[in-house]
Amino acid sequence: METPPKITDTVQQCYHCGDSLRGEQIEHDGKLFCCSGCKVVYEILEQNDMCNYYTLQSTPGNSPSAIEVSRFDFLDEESVQRNLLNFTDGKTGKVTLALPNIHCSSCIWLLEQLYKFDSGILQSRVDFLKKQLTVTFLHTKTSLKKIAILLTSLGYDPELRLDAIEKKVESETTRSLYYKIGVAGFCFGNAMLFSFPEYLGVDANEKTLRETFSYLNLLLSIPVFFYCSYDYFRSAVGGLKKKVINIDVPIALGIVLLFTRSAYEILTHTGPGFVDSFCGLLFYLLLGRLFQSKTYDRLNFERNYKSYFPLSVIVKKEGRETTVSISSLKKGDRIVIRNNEIIPTDGLLLRGEASIDYSFVTGESNSIGKVLGEMIYAGGRQVGSVIELEVVKEVSQSYLTQLWNNFNDESKSDHHLSNLSNGVAKYFTMAILAIAGSVGAYWIQIDTLTAVNAFTGILIVACPCALAISIPFTFGTAMRIYGRNNFYIKNIHVVEVMTQARVMVFDKTGTITHAQRSSIVFNGPELSQDEIDAVLSLTKNSIHPLSRLIGDSFSGNTVYVNNFSEELGKGIRGSVKEFHYKLGSRQYIGGIHRSEKLNETRVYLSINDEVRGYFSIVNSYKEGLQDILRSLKSSFKFAVISGDNESERVQLQKIFPPETELRFNQLPSDKYDYIKSLQTNSKKVIMVGDGLNDAGALMKSDIGIAVTENISNFSPSCDVIMDSSSLSRLSTFITFARDSKAIVVASFILSFLYNFVGLFFAVQGKLSPVLAAILMPLSSITIVVFTTVTTKLFAKIRGLS
Amino acid sequence: MSVIIVLLLCSFVMAVGFLLAFLWSVKSGQYEDKYTPSIRILFDEKKDNRK
């Protein structure tokens, strides 16, 4: 058990949330808090005798955000409830809420004791990795709204986004996979037990015993054939309908023959059948499926604009403000957007000063001013005071939604079945059919029974179980290794496509430049230390990202600022001694507003209303970028596409190889089209990007890699989510993908060797059940061991943990 | 009837029991969240245990 931090620490921490204490401190009960919010949470916990929260982990809390009760009004709406609740019978309801603030074991402890705060809550259960809380409650005693308010007051804001109310895709598929593995495993184990007497030799006069075992075996094989094998039949038939021979075709063929021959032998009392091999085959195949189905619970690769939009918006009607869910917004409604809120749909500006940050859509960090009556498109974030809009389009019709749906029209090429194994499967199936046919034709002139035995035996022993599981186990292991190195791939097929890609396209802003570590240069006569101190102190009062940037890039002493004021989205002002400082846009400091497009972001400074100069922001590129480029130069063509202006062209030309294509001022749809044009020569393209402005490109590319500072943050729909700190290792990841592919090829060869041994017996019509029962599991186990061990070995060689 | 048949049936019934237990554990969602229970078990509970 950790002790709470000592008060004598040099940096004092808030007892609740662990933030270092700056400025005013609140003392309560001998403990220090950073804000009254944290104190309130402490008090609530204290009243309910829940201070154990603080002993499980030191400073576990989240600083609660200010609660506006009206924010949750829409939760009382019937339609919202119907969509949010997992289950309700009128009396008790069950709801699953996403709480991004869940971060430690204390959170679990507290959130699972919610019933102590509200008697209407029957039970609450945390899923830590998914950061979800499932609450069962009584409708009569409490409501969704009350629960949301309670959670917010404890510092766990429920994330209520538009996609939360859409029907969730249940984890039904994995569940049914578990069922199938359970059944197959059960049948496999028992069939093996029942087959042993046969293999060890039963006394000839124990005929009944032998038959009992055989019939029990047949009974066991029925659920395996009709239930566990279903997916393979479906996939094989689906493939054949499209005139493709995929890996499931020879598997399905093997399954059918194994089952029918076994059933025939047992029913006609001509032999014991291959029931144990059959059940074992399915068991291993399904295990391979489970291994490849690993998913990262906290990551979502399928996000779209809906996960970004809020669930509700304030509508002003006859002077009264009500909160409604955005799906019920109608044309003509008057909506109110506050500072930092997202504009959910296209509208006309009716009131207020709009300064819209479209970084989410375009990737540009500058906010754009709008005048009354102007059209504001969905997806922007208002920075500044409250504005009012008249809705001109419903959410489903808005520009952003349309844009998104356009991207979605063309879905990605089918990655579900691997090209590698399917390519092999085609020739494999044909070769096996040819061998089986000619051997059968040879034997039929001599002995019909041997002919049938040889024909079916070949198809059974050649059933490419080892072939089918080598990819799941190799790439599945690789996927886990990638995950440990902060490179999260959507599914195992990404590994294979990664080895085929020849073009790599980068987005600039945020992807290869540092979002936070841009460097700031002052243009103008040099500032004196007093002036720097004043500017520094001024920026400390503002939370605007540009202020932060300027504040972080100069060092000096903090001095007292008089008459500080901030106009959101424009600038800040304040007096130090007898000087009056203004920091902000050109317009703000009194310069003439020029509409010409500047090639850089500038923050102007004026002292006593005299323009002193401006700070310009220079992008700094991430470390290791040049290393990636150098090591991938031989196998990749590069391109950079950016929503920004051309100011960085020279800089980029220095970093990238000379033939690299650089494109600027690209709209999201331009990026999408560019990727599409690259793909026309059937080239596989890797797109590395971040924001929603890259969403179309990420989706269109063969591999979309979303780079993010914090992997649980919003990232657009993609194939890979990568922590930005791992960017420098991108080339290692790609090399490792190539290694994995080599391992798969090696394991193919290994499984062919087993097949040759089996075929040697099968062509003679001598494939006995014992031999099959040894050979088939042995080949599967060899493949599993070989692939996992070598993949881990290569990871070590490549320096991946 | 040979004793081995009896033994066989016994073992089969037991195995079916295990299979049912497994299917129940999947159905009740024990394979959905494989992480949180490992933390939950470490909490000391006071006398006023939850039900």
# chains A, B, ... in the order shown; residues from 1 in each chain; ligands from 1

call {"tool": "interface_residues", "arguments": {"of": "chain A", "to": "chain B", "cutoff": "9 Å", "atoms": "only C-alpha atoms", "output": "list in words"}}
result
Leu56, Ser105, Ile108, Trp109, Gln113, Val126, Asp127, Phe128, Leu129, Lys130, Ser171, Thr174, Arg175, Ser176, Tyr178, Tyr179, Gly182, Val183, Gly185, Phe186, Asn190, Phe194, Leu209 and Thr212 of chain A

call {"tool": "residues_around", "arguments": {"residues": "A:Thr558", "least_positions_apart": "3", "cutoff": "7 Å", "atoms": "only C-alpha atoms", "output": "ChimeraX atom specification"}}
result
/A:533,536-537

call {"tool": "residues_around", "arguments": {"residues": "A:Leu290", "least_positions_apart": "3", "cutoff": "10 Å", "atoms": "only C-alpha atoms", "output": "JSON, numbers by chain"}}
result
{"A": [174, 177, 178, 181, 284, 285, 286, 287, 293, 294, 472, 473, 476]}

call {"tool": "select_by_dssp", "arguments": {"residues": "stretch 76-236 of chain A", "states": "alpha helix (DSSP H)", "output": "JSON, numbers by chain"}}
result
{"A": [78, 79, 80, 81, 82, 83, 84, 105, 106, 107, 108, 109, 110, 111, 144, 145, 146, 147, 148, 149, 150, 151, 152, 153, 172, 173, 174, 175, 176, 177, 178, 179, 180, 181, 182, 183, 184, 185, 186, 187, 188, 189, 190, 191, 192, 193, 194, 195, 196, 197, 198, 199, 200, 207, 208, 209, 210, 211, 212, 213, 214, 215, 216, 217, 218, 219, 220, 221, 222, 223, 230, 231, 232, 233, 234, 235, 236]}

call {"tool": "residues_around", "arguments": {"residues": "A:Glu659", "least_positions_apart": "3", "cutoff": "10 Å", "atoms": "only C-alpha atoms", "output": "number ranges by chain"}}
result
A: 637-639, 653, 656, 662

call {"tool": "select_by_dssp", "arguments": {"residues": "stretch 352-525 of chain A", "states": "strand (DSSP E or B)", "output": "number ranges by chain"}}
result
A: 354-357, 367-370, 375-376, 381-382, 387-391, 487-489, 503-507, 513, 519-523

call {"tool": "write_last_selection", "arguments": {"atoms": "N, CA and C atoms", "output": "mmCIF file, in the first residue's frame"}}
result
data_model
loop_
_atom_site.group_PDB
_atom_site.id
_atom_site.type_symbol
_atom_site.label_atom_id
_atom_site.label_comp_id
_atom_site.auth_asym_id
_atom_site.auth_seq_id
_atom_site.Cartn_x
_atom_site.Cartn_y
_atom_site.Cartn_z
ATOM 1 N N ALA A 354 -17.794 34.344 -34.094
ATOM 2 C CA ALA A 354 -17.360 32.977 -34.333
ATOM 3 C C ALA A 354 -15.896 32.956 -34.719
ATOM 4 N N SER A 355 -15.184 32.068 -34.087
ATOM 5 C CA SER A 355 -13.794 31.831 -34.460
ATOM 6 C C SER A 355 -13.660 30.321 -34.446
ATOM 7 N N ILE A 356 -13.638 29.759 -35.632
ATOM 8 C CA ILE A 356 -13.806 28.321 -35.725
ATOM 9 C C ILE A 356 -12.474 27.643 -35.993
ATOM 10 N N ASP A 357 -12.196 26.666 -35.184
ATOM 11 C CA ASP A 357 -10.975 25.882 -35.333
ATOM 12 C C ASP A 357 -11.339 24.609 -36.091
ATOM 13 N N SER A 367 -7.387 29.292 -36.308
ATOM 14 C CA SER A 367 -8.846 29.356 -36.310
ATOM 15 C C SER A 367 -9.298 30.438 -37.288
ATOM 16 N N ILE A 368 -10.474 30.241 -37.815
ATOM 17 C CA ILE A 368 -10.981 31.109 -38.869
ATOM 18 C C ILE A 368 -12.137 31.933 -38.328
ATOM 19 N N GLY A 369 -12.068 33.233 -38.532
ATOM 20 C CA GLY A 369 -13.154 34.089 -38.081
ATOM 21 C C GLY A 369 -14.313 34.068 -39.065
ATOM 22 N N LYS A 370 -15.530 34.167 -38.530
ATOM 23 C CA LYS A 370 -16.713 34.175 -39.404
ATOM 24 C C LYS A 370 -17.580 35.359 -39.005
ATOM 25 N N MET A 375 -22.008 31.003 -43.472
ATOM 26 C CA MET A 375 -22.245 29.569 -43.289
ATOM 27 C C MET A 375 -21.092 28.968 -42.499
ATOM 28 N N ILE A 376 -21.430 28.185 -41.504
ATOM 29 C CA ILE A 376 -20.398 27.494 -40.741
ATOM 30 C C ILE A 376 -20.617 26.003 -40.917
ATOM 31 N N ARG A 381 -14.592 23.625 -34.246
ATOM 32 C CA ARG A 381 -14.711 23.828 -32.810
ATOM 33 C C ARG A 381 -14.709 25.323 -32.555
ATOM 34 N N GLN A 382 -15.716 25.789 -31.867
ATOM 35 C CA GLN A 382 -15.785 27.215 -31.583
ATOM 36 C C GLN A 382 -14.765 27.575 -30.513
ATOM 37 N N ILE A 387 -21.868 31.337 -29.379
ATOM 38 C CA ILE A 387 -22.465 31.750 -30.650
ATOM 39 C C ILE A 387 -23.797 31.020 -30.844
ATOM 40 N N GLU A 388 -24.609 31.574 -31.703
ATOM 41 C CA GLU A 388 -25.874 30.910 -32.021
ATOM 42 C C GLU A 388 -25.966 30.697 -33.523
ATOM 43 N N LEU A 389 -26.444 29.540 -33.892
ATOM 44 C CA LEU A 389 -26.510 29.171 -35.301
ATOM 45 C C LEU A 389 -27.921 28.744 -35.668
ATOM 46 N N GLU A 390 -28.263 28.979 -36.907
ATOM 47 C CA GLU A 390 -29.502 28.403 -37.401
ATOM 48 C C GLU A 390 -29.152 27.178 -38.232
ATOM 49 N N VAL A 391 -29.750 26.075 -37.871
ATOM 50 C CA VAL A 391 -29.440 24.827 -38.556
ATOM 51 C C VAL A 391 -29.983 24.884 -39.979
ATOM 52 N N PHE A 487 2.686 -0.317 -31.196
ATOM 53 C CA PHE A 487 2.318 -0.304 -32.608
ATOM 54 C C PHE A 487 1.160 -1.289 -32.705
ATOM 55 N N TYR A 488 -0.055 -0.741 -32.710
ATOM 56 C CA TYR A 488 -1.211 -1.610 -32.553
ATOM 57 C C TYR A 488 -1.866 -1.844 -33.899
ATOM 58 N N ILE A 489 -1.877 -3.078 -34.344
ATOM 59 C CA ILE A 489 -2.464 -3.346 -35.644
ATOM 60 C C ILE A 489 -3.859 -3.917 -35.488
ATOM 61 N N VAL A 503 4.878 2.233 -51.438
ATOM 62 C CA VAL A 503 4.788 3.685 -51.386
ATOM 63 C C VAL A 503 4.400 4.072 -49.960
ATOM 64 N N MET A 504 5.052 5.097 -49.444
ATOM 65 C CA MET A 504 4.703 5.556 -48.116
ATOM 66 C C MET A 504 4.409 7.050 -48.178
ATOM 67 N N VAL A 505 3.197 7.411 -47.760
ATOM 68 C CA VAL A 505 2.767 8.799 -47.830
ATOM 69 C C VAL A 505 2.655 9.328 -46.410
ATOM 70 N N PHE A 506 3.224 10.503 -46.187
ATOM 71 C CA PHE A 506 3.161 11.106 -44.854
ATOM 72 C C PHE A 506 2.272 12.336 -44.870
ATOM 73 N N ASP A 507 1.541 12.506 -43.806
ATOM 74 C CA ASP A 507 0.908 13.781 -43.553
ATOM 75 C C ASP A 507 1.953 14.600 -42.804
ATOM 76 N N THR A 513 5.782 16.321 -37.753
ATOM 77 C CA THR A 513 6.259 17.460 -36.970
ATOM 78 C C THR A 513 5.781 17.283 -35.539
ATOM 79 N N SER A 519 9.410 25.287 -32.548
ATOM 80 C CA SER A 519 10.243 26.324 -31.964
ATOM 81 C C SER A 519 9.719 27.689 -32.394
ATOM 82 N N ILE A 520 9.949 28.648 -31.521
ATOM 83 C CA ILE A 520 9.406 29.973 -31.714
ATOM 84 C C ILE A 520 10.561 30.930 -31.993
ATOM 85 N N VAL A 521 10.390 31.729 -32.989
ATOM 86 C CA VAL A 521 11.413 32.727 -33.296
ATOM 87 C C VAL A 521 10.753 34.095 -33.226
ATOM 88 N N PHE A 522 11.459 35.066 -32.626
ATOM 89 C CA PHE A 522 10.912 36.417 -32.604
ATOM 90 C C PHE A 522 11.496 37.211 -33.761
ATOM 91 N N ASN A 523 10.617 37.774 -34.563
ATOM 92 C CA ASN A 523 11.057 38.586 -35.683
ATOM 93 C C ASN A 523 10.860 40.052 -35.340
#

call {"tool": "residues_around", "arguments": {"residues": "A:Pro464", "least_positions_apart": "6", "cutoff": "10 Å", "atoms": "only C-alpha atoms", "output": "short mmCIF file (atom, residue, chain, number, x, y, z; two decimals) with C-alpha atoms, in the first residue's frame"}}
result
data_model
loop_
_atom_site.label_atom_id
_atom_site.label_comp_id
_atom_site.auth_asym_id
_atom_site.auth_seq_id
_atom_site.Cartn_x
_atom_site.Cartn_y
_atom_site.Cartn_z
CA ILE A 247 -7.46 -21.98 -48.22
CA ASP A 248 -10.80 -23.12 -46.82
CA VAL A 249 -11.63 -25.14 -49.93
CA PRO A 250 -9.11 -27.95 -49.35
CA ILE A 251 -9.88 -27.77 -45.63
CA ALA A 252 -13.60 -28.18 -46.23
CA GLY A 254 -10.73 -32.73 -46.06
CA LEU A 281 -8.15 -31.05 -36.81
CA LEU A 285 -7.96 -24.91 -36.66
CA ALA A 425 -4.11 -22.89 -51.62
CA PHE A 428 -2.10 -26.88 -53.52
CA THR A 429 -5.71 -27.90 -54.08
CA PHE A 748 4.68 -23.84 -45.37
CA SER A 751 4.05 -28.61 -43.47
CA PHE A 752 4.62 -29.86 -47.00
CA ASN A 755 2.31 -33.99 -46.18
CA MET A 776 -1.99 -34.71 -38.17
CA SER A 779 2.30 -31.48 -37.84
CA SER A 780 -0.01 -28.91 -36.25
#

call {"tool": "atom_distance", "arguments": {"atom1": "atom CA of A:Phe636", "atom2": "atom CA of A:Ala501"}}
result
7.8 Å

call {"tool": "closest_residue", "arguments": {"among": "A:Phe794, A:Thr708, A:Ala746, A:Asn562", "to": "A:Thr732", "atoms": "only C-alpha atoms"}}
result
A:Phe794
